[in-house]
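**Q** Structure incoming, see below.
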Amino acid sequence: PVAPLNRKRLALLLAAIDGRAKARGRALRVLDLACGGGLIATAIASMGHRTLGLDLRDDEIGLARAFTTEAHGSAAFDTADLLDDPTWEQRATTALNGTPDIVVLAYALHHFPRVEEFVARLSRYLEPGAMVLVNEENPESAIFRLKHQVRTWIQNDTDVEWHRTYGAWKALLDANHFAASAPQGADLLPLVASLSPAGCWSLVFTAERQ
């Protein structure tokens, strides 16, 4: 049932990247952090952008490499601990032939136990004018609350995750020299995205490094 939502999420992410590329008048250097199995990075690379995906888990990077090969893609992938590896920024710059124009964080920030430290580090790395493209679940949405109840009560899944509202993410980004845009949304409920984007289950927004 979440496949339509994931297609909508991907469409919003790719539209944001396409808009940025048109504004810059060139292909972009894109860094997908916590890239998982590589679907988003592969899709971005297929648009002609130089793309690198980093993830903590070797098994996910293996899947990402297999996926992009099967899709005849050009995205590159590597493992990195984004909190404790002191080398990932330099490795990313080398692989992309420059610092990123866009950093993608799709369902990533809420997994970081030290997210303030990570965002501050990202701010130090990026050049002014670079953009972070964020996709996060909205803990205030009806679908998110239902999912949380199912995981907690039925599946007995009590793993800790650090979800925040859009306002809380914006405050964190603003405090680290990013200017966040208003969110767009994707949801399983009809009309929510058009009538109340901020109330959607999945929110997409940008934050430009100042």
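Following the order of the structure tokens, first chain is A, next is B, and so on, with residues numbered from 1 inside each chain and ligands from 1 in the order they appear.
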List as a PyMOL selection string the protein and nucleic acid residues near Trp169 (chain A), meaning an atom at most 12 Å away when only C-alpha atoms are counted, but skip any in the same chain fewer than 3 places from it.
**A** chain A and resi 109-110+115-116+119+134-139+162-166+172-176+178-183+203-207
**Q** Would you pick out the contacts of Ala11 (chain A) at 12 Å or less, using only C-alpha atoms, so that residues sharing its chain but fewer than 5 positions from it are not included, and give the list as a list in words?
**A** Pro4, Leu5, Asn6, Ala16, Ile17, Asp18, Ile40, Ala43, Ile44, Asn135, Gln184, Gly185, Ala186 and Val204 of chain A
**Q** Could you write those residues out with N, CA and C atoms, as a PDB file, in the first residue's frame?
**A**
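Below you can see part.pdb, which holds the result:
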ATOM      1  N   PRO A   4       2.451   3.575  -3.897  1.00  0.00           N
ATOM      2  CA  PRO A   4       2.069   4.861  -4.503  1.00  0.00           C
ATOM      3  C   PRO A   4       2.669   6.055  -3.778  1.00  0.00           C
ATOM      4  N   LEU A   5       2.765   5.975  -2.463  1.00  0.00           N
ATOM      5  CA  LEU A   5       3.381   7.055  -1.698  1.00  0.00           C
ATOM      6  C   LEU A   5       4.854   7.203  -2.073  1.00  0.00           C
ATOM      7  N   ASN A   6       5.562   6.097  -2.187  1.00  0.00           N
ATOM      8  CA  ASN A   6       6.980   6.162  -2.535  1.00  0.00           C
ATOM      9  C   ASN A   6       7.195   6.740  -3.926  1.00  0.00           C
ATOM     10  N   ALA A  16      12.465  18.614  -7.573  1.00  0.00           N
ATOM     11  CA  ALA A  16      13.280  19.634  -6.909  1.00  0.00           C
ATOM     12  C   ALA A  16      14.679  19.680  -7.519  1.00  0.00           C
ATOM     13  N   ILE A  17      15.244  18.528  -7.803  1.00  0.00           N
ATOM     14  CA  ILE A  17      16.574  18.478  -8.403  1.00  0.00           C
ATOM     15  C   ILE A  17      16.542  19.032  -9.822  1.00  0.00           C
ATOM     16  N   ASP A  18      15.511  18.700 -10.576  1.00  0.00           N
ATOM     17  CA  ASP A  18      15.393  19.209 -11.936  1.00  0.00           C
ATOM     18  C   ASP A  18      15.275  20.736 -11.936  1.00  0.00           C
ATOM     19  N   ILE A  40      17.023   6.096  -5.125  1.00  0.00           N
ATOM     20  CA  ILE A  40      16.973   7.534  -5.376  1.00  0.00           C
ATOM     21  C   ILE A  40      18.230   7.998  -6.094  1.00  0.00           C
ATOM     22  N   ALA A  43      18.119   6.993  -9.714  1.00  0.00           N
ATOM     23  CA  ALA A  43      17.180   7.815 -10.474  1.00  0.00           C
ATOM     24  C   ALA A  43      17.771   9.192 -10.768  1.00  0.00           C
ATOM     25  N   ILE A  44      18.467   9.770  -9.791  1.00  0.00           N
ATOM     26  CA  ILE A  44      19.090  11.081  -9.991  1.00  0.00           C
ATOM     27  C   ILE A  44      20.187  10.994 -11.045  1.00  0.00           C
ATOM     28  N   ASN A 135      13.623  14.766   2.917  1.00  0.00           N
ATOM     29  CA  ASN A 135      12.340  14.053   2.907  1.00  0.00           C
ATOM     30  C   ASN A 135      12.219  13.328   4.241  1.00  0.00           C
ATOM     31  N   GLN A 184       6.455  20.498   0.746  1.00  0.00           N
ATOM     32  CA  GLN A 184       5.468  19.832  -0.091  1.00  0.00           C
ATOM     33  C   GLN A 184       5.195  18.476   0.531  1.00  0.00           C
ATOM     34  N   GLY A 185       4.066  17.865   0.182  1.00  0.00           N
ATOM     35  CA  GLY A 185       3.723  16.623   0.846  1.00  0.00           C
ATOM     36  C   GLY A 185       3.201  15.543  -0.068  1.00  0.00           C
ATOM     37  N   ALA A 186       3.379  14.297   0.381  1.00  0.00           N
ATOM     38  CA  ALA A 186       2.798  13.118  -0.264  1.00  0.00           C
ATOM     39  C   ALA A 186       2.082  12.326   0.813  1.00  0.00           C
ATOM     40  N   VAL A 204       8.545  16.886   1.903  1.00  0.00           N
ATOM     41  CA  VAL A 204       9.743  17.184   1.144  1.00  0.00           C
ATOM     42  C   VAL A 204       9.973  18.689   1.182  1.00  0.00           C
TER      43      VAL A 204
END
**Q** Do you have the CA of Ala106 (chain A)-CA of Leu13 (chain A) distance handy?
**A** 8.7 Å
**Q** When distances are computed from only C-alpha atoms, which of A:Leu33, A:Leu14, A:Phe112, A:Lys8 shows the smallest separation from Ala45 (chain A)?
**A**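 Going through A:Leu33, A:Leu14, A:Phe112, A:Lys8 one by one, the smallest distance to Ala45 (chain A) is for A:Leu14.
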**Q** Taking into account only C-alpha atoms, which residue in the set A:Ala171, A:Leu82, A:Val30, A:Val132 is nearest to Phe118 (chain A)?
**A** A:Leu82
**Q** Separation of CA of Glu89 (chain A) and CA of Leu54 (chain A), in Å?
**A**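 Calculated distance between CA of Glu89 (chain A) and CA of Leu54 (chain A) is 10.4 Å.
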**Q** To one decimal place in Å, what is the distance between CA of Lys147 (chain A) and CA of Ala15 (chain A)?
**A** 27.2 Å
**Q** Could you please write out, as a PyMOL selection string, every residue of region 52-180 of chain A that DSSP assigns to alpha helix (DSSP H)?
**A** chain A and resi 58-70+88-96+115-125+142-149+166-174
**Q** List every residue of region 26-82 of chain A that DSSP, applied to the backbone of this structure, assigns to strand (DSSP E or B), and report them as a list in words.
**A**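 DSSP on the backbone gives strand (DSSP E or B) at Arg29, Val30, Leu31, Asp32, Leu33, Arg50, Thr51, Leu52, Gly53, Leu54, Asp55, Ala76, Phe77, Asp78 and Thr79 of chain A.
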**Q** For those residues, write C-alpha atoms to a file as a PDB file, in the first residue's frame.
**A**
ATOM      1  CA  ARG A  29      26.930  17.180  -8.204  1.00  0.00           C
ATOM      2  CA  VAL A  30      24.559  15.237  -5.947  1.00  0.00           C
ATOM      3  CA  LEU A  31      25.395  13.452  -2.695  1.00  0.00           C
ATOM      4  CA  ASP A  32      22.757  11.036  -1.357  1.00  0.00           C
ATOM      5  CA  LEU A  33      23.481  10.443   2.335  1.00  0.00           C
ATOM      6  CA  ARG A  50      27.079  13.138 -11.124  1.00  0.00           C
ATOM      7  CA  THR A  51      25.785  11.194  -8.121  1.00  0.00           C
ATOM      8  CA  LEU A  52      27.333   9.487  -5.106  1.00  0.00           C
ATOM      9  CA  GLY A  53      25.465   7.547  -2.429  1.00  0.00           C
ATOM     10  CA  LEU A  54      26.916   6.911   1.030  1.00  0.00           C
ATOM     11  CA  ASP A  55      25.526   4.562   3.657  1.00  0.00           C
ATOM     12  CA  ALA A  76      28.591   5.505  -7.455  1.00  0.00           C
ATOM     13  CA  PHE A  77      28.294   4.137  -3.916  1.00  0.00           C
ATOM     14  CA  ASP A  78      30.516   3.793  -0.872  1.00  0.00           C
ATOM     15  CA  THR A  79      30.273   3.031   2.841  1.00  0.00           C
TER      16      THR A  79
END
**Q** For each of A:Ala64, A:Lys22, A:Ile143, A:Leu39, take the minimum atom-to-atom distance to Val2 (chain A), counting only C-alpha atoms, then give the residue where this is smallest.
**A** A:Ile143
**Q** Have a look at A:Gly37, A:Gly19, A:Gly199, A:Gly48 and name the one nearest to Met131 (chain A); count only C-alpha atoms.
**A**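 Answer, going by the shortest atom-to-atom distance: A:Gly19.
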